[in-house]
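Source file coords_3.txt; content: compact mmCIF, C-alpha atoms.
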# COMPACT_ATOMS: atom_id res chain seq x y z
CA MET U 1 -17.03 20.69 13.36
CA PHE U 2 -16.24 17.38 11.70
CA PHE U 3 -14.71 16.39 8.40
CA LEU U 4 -15.71 13.57 6.09
CA THR U 5 -12.61 11.68 5.07
CA LEU U 6 -11.49 8.83 2.87
CA SER U 7 -9.22 6.10 4.12
CA ILE U 8 -7.49 4.76 1.06
CA PHE U 9 -5.98 1.65 2.56
CA THR U 10 -7.07 -0.83 5.18
CA SER U 11 -6.32 -4.53 5.51
CA ILE U 12 -8.71 -7.42 5.31
CA PHE U 13 -8.57 -11.21 5.19
CA LEU U 14 -10.96 -12.70 2.75
CA SER U 15 -12.12 -16.25 3.43
CA ALA U 16 -11.31 -19.34 5.36
CA ASN U 17 -8.74 -20.24 2.70
CA SER U 18 -7.14 -16.82 2.85
CA VAL U 19 -7.06 -16.81 6.64
CA GLN U 20 -5.38 -20.19 6.72
CA ALA U 21 -2.84 -19.09 4.13
CA ARG U 22 -2.03 -15.99 6.19
CA LYS U 23 -1.72 -17.97 9.44
CA PHE U 24 0.67 -20.36 7.73
CA ARG U 25 2.98 -17.45 6.91
CA ASP U 26 2.49 -15.53 10.14
CA THR U 27 5.95 -14.57 11.39
CA GLY U 28 4.82 -11.76 13.68
CA ASP U 29 3.38 -11.42 17.17
CA ASN U 30 0.00 -9.79 16.68
CA GLU U 31 -0.60 -9.49 20.42
CA LYS U 32 1.87 -6.62 20.35
CA LEU U 33 -0.66 -4.68 18.28
CA GLY U 34 -2.83 -4.22 21.32
CA GLY U 35 -5.03 -7.31 21.07
CA THR U 36 -4.92 -11.05 20.58
CA ASN U 37 -4.36 -12.68 17.22
CA ALA U 38 -7.98 -13.83 17.25
CA GLU U 39 -9.20 -10.26 17.76
CA LEU U 40 -6.98 -8.99 14.95
CA VAL U 41 -8.25 -11.64 12.56
CA ALA U 42 -11.84 -10.85 13.54
CA ASN U 43 -11.28 -7.17 12.76
CA LEU U 44 -9.58 -8.01 9.47
CA LEU U 45 -12.47 -10.22 8.39
CA ASP U 46 -15.20 -7.83 9.44
CA VAL U 47 -16.45 -5.28 6.94
CA HIS U 48 -20.09 -4.40 7.57
CA ASN U 49 -20.28 -4.49 11.37
CA GLN U 50 -17.74 -2.86 13.68
CA ARG U 51 -15.69 -1.55 10.76
CA LEU U 52 -18.64 0.29 9.24
CA GLN U 53 -19.83 1.45 12.65
CA SER U 54 -16.39 2.86 13.38
CA MET U 55 -16.38 4.60 10.00
CA ASP U 56 -19.72 6.23 10.82
CA SER U 57 -18.65 7.34 14.28
CA ASN U 58 -15.40 8.78 12.91
CA ASN U 59 -16.92 10.51 9.88
CA ILE U 60 -15.19 8.34 7.27
CA ASP U 61 -17.01 8.29 3.96
CA PHE U 62 -15.06 5.62 2.13
CA MET U 63 -12.48 2.88 2.69
CA VAL U 64 -10.41 0.97 0.18
CA LEU U 65 -9.79 -2.61 1.26
CA SER U 66 -7.00 -4.99 0.32
CA CYS U 67 -5.47 -8.31 1.32
CA ALA U 68 -3.05 -8.14 4.26
CA GLN U 69 0.63 -8.82 3.64
CA PRO U 70 2.17 -10.96 2.31
CA CYS U 71 -1.03 -12.18 0.63
CA ILE U 72 -0.35 -13.46 -2.92
CA GLN U 73 3.30 -12.43 -2.74
CA GLY U 74 3.78 -15.25 -0.22
CA PHE U 75 2.80 -18.02 -2.68
CA SER U 76 5.83 -19.25 -4.60
CA ASP U 77 3.99 -21.57 -7.00
CA PRO U 78 2.70 -19.45 -9.92
CA VAL U 79 -0.43 -21.50 -10.59
CA THR U 80 -1.42 -21.50 -6.92
CA ALA U 81 -0.72 -17.77 -6.71
CA GLU U 82 -2.74 -16.91 -9.82
CA ASN U 83 -5.70 -19.00 -8.68
CA MET U 84 -5.58 -17.50 -5.19
CA ALA U 85 -5.46 -13.97 -6.63
CA VAL U 86 -8.64 -14.62 -8.60
CA LEU U 87 -10.31 -16.14 -5.53
CA VAL U 88 -9.31 -13.26 -3.27
CA ASN U 89 -10.44 -10.62 -5.74
CA ASN U 90 -13.75 -12.34 -6.39
CA GLU U 91 -14.44 -12.74 -2.68
CA LEU U 92 -13.57 -9.13 -1.93
CA ALA U 93 -15.78 -7.94 -4.77
CA GLY U 94 -18.63 -10.02 -3.40
CA THR U 95 -18.03 -8.78 0.13
CA ILE U 96 -18.38 -5.11 -0.77
CA SER U 97 -20.90 -5.45 -3.60
CA ASN U 98 -23.84 -4.39 -1.42
CA ASN U 99 -22.15 -1.18 -0.29
CA THR U 100 -19.82 0.19 -2.94
CA GLU U 101 -20.70 3.73 -1.87
CA ARG U 102 -18.65 3.11 1.28
CA PHE U 103 -16.08 0.52 0.19
CA GLY U 104 -13.67 0.08 -2.69
CA ALA U 105 -10.87 -2.39 -3.26
CA PHE U 106 -7.33 -2.85 -4.50
CA ALA U 107 -6.72 -6.00 -6.53
CA SER U 108 -4.35 -8.69 -5.30
CA LEU U 109 -2.03 -9.97 -8.02
CA ALA U 110 0.30 -12.88 -8.62
CA MET U 111 3.45 -11.27 -10.00
CA HIS U 112 5.27 -14.34 -11.38
CA ASN U 113 4.11 -13.59 -14.90
CA ALA U 114 3.67 -10.00 -16.07
CA THR U 115 1.03 -10.85 -18.67
CA ALA U 116 -1.09 -12.81 -16.20
CA ALA U 117 -0.80 -9.98 -13.67
CA ALA U 118 -1.81 -7.43 -16.30
CA LEU U 119 -4.87 -9.44 -17.32
CA GLU U 120 -6.02 -9.97 -13.72
CA LEU U 121 -5.61 -6.27 -13.03
CA GLN U 122 -7.65 -5.47 -16.13
CA ARG U 123 -10.39 -7.90 -15.05
CA SER U 124 -10.44 -6.53 -11.52
CA VAL U 125 -10.78 -2.93 -12.71
CA LYS U 126 -13.10 -3.44 -15.68
CA GLU U 127 -15.34 -6.23 -14.35
CA LEU U 128 -15.11 -5.98 -10.56
CA GLY U 129 -14.86 -2.19 -10.32
CA PHE U 130 -11.64 -2.10 -8.28
CA VAL U 131 -9.77 1.19 -8.03
CA GLY U 132 -6.24 -0.16 -8.53
CA ALA U 133 -3.95 -2.86 -7.19
CA LEU U 134 -1.79 -3.48 -4.14
CA VAL U 135 1.36 -5.61 -4.17
CA ASN U 136 3.17 -6.57 -1.00
CA ASP U 137 6.76 -5.93 -2.05
CA TYR U 138 8.61 -8.78 -3.80
CA GLN U 139 7.03 -11.98 -5.12
CA GLN U 140 8.34 -15.25 -3.76
CA SER U 141 8.99 -17.91 -6.37
CA GLY U 142 10.91 -21.12 -6.92
CA ALA U 143 10.44 -24.56 -5.43
CA ASP U 144 11.76 -23.43 -2.06
CA GLY U 145 10.25 -19.93 -2.14
CA GLN U 146 13.72 -18.38 -1.95
CA THR U 147 13.77 -16.78 -5.41
CA LEU U 148 12.54 -13.19 -5.11
CA LEU U 149 10.99 -11.37 -8.06
CA TYR U 150 11.10 -7.57 -8.36
CA TYR U 151 9.04 -5.56 -10.78
CA ASP U 152 11.49 -3.02 -12.19
CA GLN U 153 12.88 -5.41 -14.79
CA PRO U 154 12.00 -5.09 -18.52
CA GLU U 155 9.93 -8.27 -18.51
CA TYR U 156 7.38 -6.42 -16.38
CA ASP U 157 6.85 -3.62 -18.89
CA ILE U 158 3.70 -5.27 -20.21
CA PHE U 159 2.22 -5.06 -16.70
CA TRP U 160 3.19 -1.43 -16.18
CA GLN U 161 1.80 -0.55 -19.60
CA MET U 162 -1.54 -2.04 -18.54
CA VAL U 163 -1.43 0.01 -15.33
CA SER U 164 -0.82 3.14 -17.38
CA ASP U 165 -3.55 2.30 -19.89
CA LEU U 166 -6.11 1.69 -17.14
CA ASP U 167 -4.99 4.89 -15.36
CA VAL U 168 -5.17 3.30 -11.91
CA PRO U 169 -2.64 3.40 -9.07
CA VAL U 170 -0.56 0.54 -7.74
CA TYR U 171 0.01 0.62 -4.00
CA PHE U 172 3.41 -0.72 -2.92
CA HIS U 173 3.05 -2.15 0.56
CA PRO U 174 5.91 -3.68 2.57
CA ARG U 175 5.90 -7.27 3.70
CA THR U 176 7.58 -9.39 6.34
CA ASP U 177 10.74 -10.76 4.75
CA ILE U 178 11.35 -14.43 4.07
CA GLN U 179 13.01 -16.27 6.92
CA THR U 180 16.43 -16.36 5.24
CA ILE U 181 16.59 -12.57 5.16
CA LEU U 182 15.19 -12.26 8.67
CA ASN U 183 17.85 -14.61 9.98
CA LEU U 184 20.67 -12.71 8.29
CA THR U 185 19.45 -9.22 9.09
CA TYR U 186 17.42 -9.27 12.29
CA ALA U 187 18.45 -12.34 14.27
CA HIS U 188 20.50 -10.07 16.54
CA ALA U 189 17.63 -7.59 17.01
CA PRO U 190 14.21 -9.13 16.36
CA SER U 191 12.55 -6.00 17.73
CA LEU U 192 13.49 -4.23 14.48
CA LYS U 193 11.39 -6.54 12.32
CA GLY U 194 8.30 -5.11 10.67
CA PRO U 195 7.32 -1.42 10.78
CA ALA U 196 10.14 -0.37 13.12
CA GLN U 197 12.86 -0.75 10.49
CA GLU U 198 12.44 -3.69 8.13
CA PHE U 199 9.50 -2.31 6.15
CA ALA U 200 11.15 1.01 5.36
CA VAL U 201 14.42 -0.61 4.29
CA GLY U 202 12.79 -3.22 2.09
CA LEU U 203 10.40 -1.06 0.14
CA SER U 204 12.98 1.47 -1.04
CA THR U 205 14.05 -0.89 -3.85
CA HIS U 206 10.88 -0.25 -5.84
CA ILE U 207 11.20 3.23 -7.28
CA LEU U 208 10.05 3.02 -10.89
CA GLY U 209 10.08 5.56 -13.69
CA ARG U 210 9.93 4.25 -17.23
CA PHE U 211 6.23 5.10 -17.65
CA PRO U 212 5.40 8.83 -17.46
CA LYS U 213 1.72 8.26 -16.54
CA LEU U 214 2.39 5.73 -13.80
CA LYS U 215 0.76 6.33 -10.42
CA ILE U 216 2.42 4.63 -7.45
CA ILE U 217 1.17 4.92 -3.87
CA VAL U 218 3.47 4.32 -0.91
CA GLY U 219 2.17 4.26 2.66
CA HIS U 220 3.46 5.25 6.09
CA LEU U 221 4.52 8.70 4.87
CA GLY U 222 6.50 7.29 1.99
CA GLU U 223 8.26 4.60 4.06
CA ARG U 224 10.62 7.38 5.25
CA ILE U 225 12.04 7.95 1.77
CA PRO U 226 10.97 11.63 1.45
CA SER U 227 12.70 12.28 4.76
CA ASP U 228 16.05 11.47 3.13
CA LEU U 229 15.70 12.61 -0.48
CA VAL U 230 18.83 14.76 -0.62
CA ARG U 231 21.10 11.95 0.48
CA ILE U 232 19.32 9.36 -1.69
CA ASP U 233 19.57 11.54 -4.81
CA THR U 234 23.22 12.32 -4.16
CA GLN U 235 24.26 8.74 -3.57
CA LEU U 236 22.31 7.31 -6.51
CA LYS U 237 23.90 9.87 -8.82
CA ARG U 238 27.33 8.69 -7.68
CA GLN U 239 26.34 5.10 -8.39
CA ALA U 240 24.90 5.73 -11.85
CA THR U 241 27.81 3.89 -13.45
CA LEU U 242 26.68 0.69 -11.73
CA GLY U 243 23.70 0.41 -14.05
CA LEU U 244 21.10 2.72 -12.55
CA ILE U 245 18.14 2.72 -14.95
CA MET U 246 16.12 5.65 -13.57
CA LYS U 247 15.85 8.60 -15.95
CA GLN U 248 15.17 11.10 -13.15
CA ASN U 249 16.13 11.28 -9.50
CA VAL U 250 13.93 10.00 -6.69
CA THR U 251 12.77 13.48 -5.72
CA THR U 252 11.41 14.04 -9.23
CA TYR U 253 9.46 10.79 -9.15
CA PHE U 254 7.92 11.68 -5.79
CA ARG U 255 6.74 14.92 -7.35
CA THR U 256 5.39 13.35 -10.56
CA ASN U 257 4.63 9.62 -10.25
CA ILE U 258 4.54 8.72 -6.57
CA PHE U 259 1.94 9.54 -3.93
CA GLU U 260 2.31 8.85 -0.23
CA THR U 261 -0.25 8.29 2.49
CA THR U 262 -0.26 9.00 6.21
CA SER U 263 -1.17 5.41 7.10
CA GLY U 264 0.09 4.59 10.57
CA ASN U 265 2.29 7.69 10.74
CA PHE U 266 0.36 10.49 12.38
CA ALA U 267 3.19 12.98 12.93
CA PRO U 268 2.19 16.58 12.11
CA GLU U 269 5.75 17.92 12.10
CA LEU U 270 6.94 15.17 9.77
CA LEU U 271 3.92 15.73 7.54
CA ASN U 272 4.83 19.41 7.24
CA PHE U 273 8.39 18.47 6.32
CA HIS U 274 7.12 16.14 3.61
CA ILE U 275 4.78 18.82 2.30
CA ASN U 276 7.83 21.05 1.87
CA GLN U 277 9.78 18.23 0.20
CA ILE U 278 7.27 16.80 -2.29
CA GLY U 279 4.15 18.97 -2.06
CA LEU U 280 0.76 18.53 -0.46
CA ASN U 281 -0.58 17.42 -3.83
CA ARG U 282 1.33 14.13 -3.37
CA ILE U 283 -0.02 13.22 0.09
CA MET U 284 -3.29 11.51 1.09
CA TYR U 285 -4.84 10.63 4.41
CA SER U 286 -4.95 6.95 5.34
CA ILE U 287 -5.21 4.94 8.56
CA ASP U 288 -3.95 1.31 8.21
CA TYR U 289 -6.83 -0.25 10.13
CA PRO U 290 -6.94 -2.59 12.01
CA TYR U 291 -3.22 -2.34 12.72
CA ILE U 292 -3.85 1.27 13.67
CA ASN U 293 -6.92 2.41 15.62
CA ILE U 294 -9.36 4.53 13.62
CA PRO U 295 -9.88 7.10 16.44
CA ASP U 296 -6.13 7.79 16.42
CA GLY U 297 -6.39 8.72 12.76
CA THR U 298 -9.45 10.84 13.44
CA ALA U 299 -7.65 12.81 16.14
CA PHE U 300 -4.76 13.39 13.75
CA ILE U 301 -6.78 14.56 10.73
CA ASN U 302 -9.16 16.70 12.81
CA GLY U 303 -6.26 18.27 14.68
CA LEU U 304 -4.66 19.33 11.40
CA ALA U 305 -7.78 21.36 10.59
CA ARG U 306 -6.72 23.85 13.24
CA THR U 307 -3.48 24.69 11.45
CA MET U 308 -4.15 24.05 7.75
CA LYS U 309 -6.07 26.12 5.26
CA LYS U 310 -9.48 24.63 4.54
CA GLU U 311 -8.66 23.80 0.92
CA ASP U 312 -5.38 22.18 1.96
CA HIS U 313 -7.07 20.11 4.63
CA ASN U 314 -9.76 19.01 2.20
CA SER U 315 -7.07 17.97 -0.28
CA LEU U 316 -5.33 15.81 2.32
CA ALA U 317 -8.50 14.36 3.82
CA ARG U 318 -10.40 13.49 0.64
CA ASP U 319 -9.99 15.53 -2.54
CA LEU U 320 -6.68 14.10 -3.75
CA ALA U 321 -7.81 10.53 -3.05
CA ILE U 322 -10.97 11.12 -5.07
CA GLU U 323 -8.82 12.33 -7.95
CA VAL U 324 -6.17 9.59 -7.80
CA LEU U 325 -8.72 6.79 -7.38
CA ARG U 326 -11.07 8.40 -9.94
CA LEU U 327 -14.03 8.00 -7.60
CA ASN U 328 -16.09 10.59 -9.46
CA ASP U 329 -15.63 8.98 -12.88
Encoding of this model in structure tokens:
Amino acid sequence: MFFLTLSIFTSIFLSANSVQARKFRDTGDNEKLGGTNAELVANLLDVHNQRLQSMDSNNIDFMVLSCAQPCIQGFSDPVTAENMAVLVNNELAGTISNNTERFGAFASLAMHNATAAALELQRSVKELGFVGALVNDYQQSGADGQTLLYYDQPEYDIFWQMVSDLDVPVYFHPRTDIQTILNLTYAHAPSLKGPAQEFAVGLSTHILGRFPKLKIIVGHLGERIPSDLVRIDTQLKRQATLGLIMKQNVTTYFRTNIFETTSGNFAPELLNFHINQIGLNRIMYSIDYPYINIPDGTAFINGLARTMKKEDHNSLARDLAIEVLRLND
């Protein structure tokens, strides 16, 4: 027996310009991912060859593609960032235009200006047919790239209102920190950079809640946050006098506004714990290709079929993603 699945997030580089921009900001060692940097870039760029073949051989119906981190969030100049976002989105739309039954896309956005971000999201959804947006944590800005912009401030309300009006999700993806933060935090232990620790710590700053219809997606089983909800809720309540602006606790938002995916975190026991914490109706299957091998995800999702009810497995593998991404609209 096999199961048709949807992978709601995979990475891609989108043109010679985009590849060069990513190489310029490459602070990681991609050979540790199980291949050379050249092989990784080739897999990121490919859509219709080995990627599609691997989808077919692993019974994957649909993938949503996006620009690999830090993407537009790594451009500190607002004009350059806005122009690059348009270029990336146009190129991705063109890349998948001949096979939109198998591929969708998240828009890349320059987040220096909330109005500009809102308008580019609107264009990407209405004109290009994208299913939402993905932002790679904070936006670098300033002449030296050391000013970091976060999106929970009131000046971003116009953007979040557009997200709500369009009824599309925004995927919060972690990014490699700027060098100043890396030097201060991980110089003593560079092995903790990236997915091992840095990503989970950095993303936890972006819990939002002023818009009741907002749909946020967080990968890697919620960047560990649902594993620690009791402590997070308790400590944030104690710190409310310091200006906490959330109207509800984090647990509530994970049960109402936030969805998580399994991308790169294929741990059945942890998945079951998260189901008990936030509910299966908040969790979707995802892979994180090419940073994670597709067959590893297939073994995980097919193995779960032996222990889950059929309707629950279908929800995780495809049904919830179809609903959240509005693929049947």
Just want the 7 Å neighbourhood of range 292-308 of chain U, counted on all atoms listed in the file, with same-chain residues fewer than 5 positions away dropped. Output as a PDB file with C-alpha atoms, keeping the file's coordinate frame.
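Generated file (part07.pdb):
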ATOM      1  CA  ASN U  58     -15.400   8.780  12.910  1.00  0.00           C
ATOM      2  CA  GLY U 264       0.090   4.590  10.570  1.00  0.00           C
ATOM      3  CA  PHE U 266       0.360  10.490  12.380  1.00  0.00           C
ATOM      4  CA  ILE U 287      -5.210   4.940   8.560  1.00  0.00           C
ATOM      5  CA  HIS U 313      -7.070  20.110   4.630  1.00  0.00           C
TER       6      HIS U 313
END
Separation of CA of Val168 in chain U from CA of Asp233 in chain U, in Å and rounded to one decimal: 27.0 Å
Counting only C-alpha atoms, figure out which residue out of U:Leu40, U:Leu87, U:Ile217, U:Ile60 gets nearest to Arg282 in chain U. U:Ile217
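Between Thr262 in chain U and the residues U:Tyr285, U:Phe172, U:Phe75, U:Phe211, the shortest atom-to-atom distance, using all atoms listed in the file, involves U:Tyr285.
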Of the candidates U:Leu128, U:Leu327, U:Met284, U:Ala118, which shows the shortest atom-to-atom distance to Phe62 in chain U, using all atoms listed in the file? U:Leu327
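Each of U:Val170, U:Ala187, U:Ile232, U:Leu244 was compared to Glu260 in chain U using all atoms listed in the file, and U:Val170 turns out to be the nearest.
By chain and then residue number, the residues within 10 Å of Val135 in chain U are Ser66, Cys67, Ala68, Gln69, Pro70, Cys71, Ile72, Gln73, Phe106, Ala107, Ser108, Leu109, Ala110, Met111, Ala133, Asp137, Tyr138, Gln139, Val170, Tyr171, Phe172, His173, Pro174 and Arg175 of chain U, counting all atoms listed in the file and disregarding those fewer than 2 positions away in sequence.
For the pair CA of Leu148 in chain U and CA of Val88 in chain U, the separation is 21.9 Å.
Remark: for Asn257 in chain U, the closest of the candidate residues U:Asp167, U:Asp46, U:Glu120, U:Glu269 is U:Asp167 (distances computed over all atoms listed in the file).
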Between CA of Leu221 in chain U and CA of Thr261 in chain U, distance in Å (one decimal): 5.3 Å
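With distances taken over all atoms listed in the file, U:Gln146 is the one residue among U:Gln146, U:Gly243, U:His112, U:Thr251 lying closest to Gln179 in chain U.
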Would you pick out the contacts of Trp160 in chain U at 12 Å or less, using only C-alpha atoms, so that residues sharing its chain but fewer than 3 positions from it are not included, and give the list as a PDB file with C-alpha atoms, in the frame of the given file?
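What ended up in out_15.pdb:
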ATOM      1  CA  MET U 111       3.450 -11.270 -10.000  1.00  0.00           C
ATOM      2  CA  ALA U 114       3.670 -10.000 -16.070  1.00  0.00           C
ATOM      3  CA  THR U 115       1.030 -10.850 -18.670  1.00  0.00           C
ATOM      4  CA  ALA U 117      -0.800  -9.980 -13.670  1.00  0.00           C
ATOM      5  CA  ALA U 118      -1.810  -7.430 -16.300  1.00  0.00           C
ATOM      6  CA  LEU U 119      -4.870  -9.440 -17.320  1.00  0.00           C
ATOM      7  CA  LEU U 121      -5.610  -6.270 -13.030  1.00  0.00           C
ATOM      8  CA  GLN U 122      -7.650  -5.470 -16.130  1.00  0.00           C
ATOM      9  CA  ALA U 133      -3.950  -2.860  -7.190  1.00  0.00           C
ATOM     10  CA  TYR U 151       9.040  -5.560 -10.780  1.00  0.00           C
ATOM     11  CA  ASP U 152      11.490  -3.020 -12.190  1.00  0.00           C
ATOM     12  CA  GLN U 153      12.880  -5.410 -14.790  1.00  0.00           C
ATOM     13  CA  PRO U 154      12.000  -5.090 -18.520  1.00  0.00           C
ATOM     14  CA  GLU U 155       9.930  -8.270 -18.510  1.00  0.00           C
ATOM     15  CA  TYR U 156       7.380  -6.420 -16.380  1.00  0.00           C
ATOM     16  CA  ASP U 157       6.850  -3.620 -18.890  1.00  0.00           C
ATOM     17  CA  VAL U 163      -1.430   0.010 -15.330  1.00  0.00           C
ATOM     18  CA  SER U 164      -0.820   3.140 -17.380  1.00  0.00           C
ATOM     19  CA  ASP U 165      -3.550   2.300 -19.890  1.00  0.00           C
ATOM     20  CA  LEU U 166      -6.110   1.690 -17.140  1.00  0.00           C
ATOM     21  CA  ASP U 167      -4.990   4.890 -15.360  1.00  0.00           C
ATOM     22  CA  VAL U 168      -5.170   3.300 -11.910  1.00  0.00           C
ATOM     23  CA  PRO U 169      -2.640   3.400  -9.070  1.00  0.00           C
ATOM     24  CA  VAL U 170      -0.560   0.540  -7.740  1.00  0.00           C
ATOM     25  CA  LEU U 208      10.050   3.020 -10.890  1.00  0.00           C
ATOM     26  CA  GLY U 209      10.080   5.560 -13.690  1.00  0.00           C
ATOM     27  CA  ARG U 210       9.930   4.250 -17.230  1.00  0.00           C
ATOM     28  CA  PHE U 211       6.230   5.100 -17.650  1.00  0.00           C
ATOM     29  CA  PRO U 212       5.400   8.830 -17.460  1.00  0.00           C
ATOM     30  CA  LYS U 213       1.720   8.260 -16.540  1.00  0.00           C
ATOM     31  CA  LEU U 214       2.390   5.730 -13.800  1.00  0.00           C
ATOM     32  CA  LYS U 215       0.760   6.330 -10.420  1.00  0.00           C
ATOM     33  CA  ILE U 216       2.420   4.630  -7.450  1.00  0.00           C
TER      34      ILE U 216
END
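Excluding Asn43 in chain U itself and any same-chain residue fewer than 2 positions from it, the protein and nucleic acid residues within 10 Å of it, counting only C-alpha atoms, are Ser11, Ile12, Phe13, Asn37, Ala38, Glu39, Leu40, Val41, Leu45, Asp46, Val47, Asn49, Gln50, Arg51, Tyr289, Pro290 and Tyr291 of chain U.
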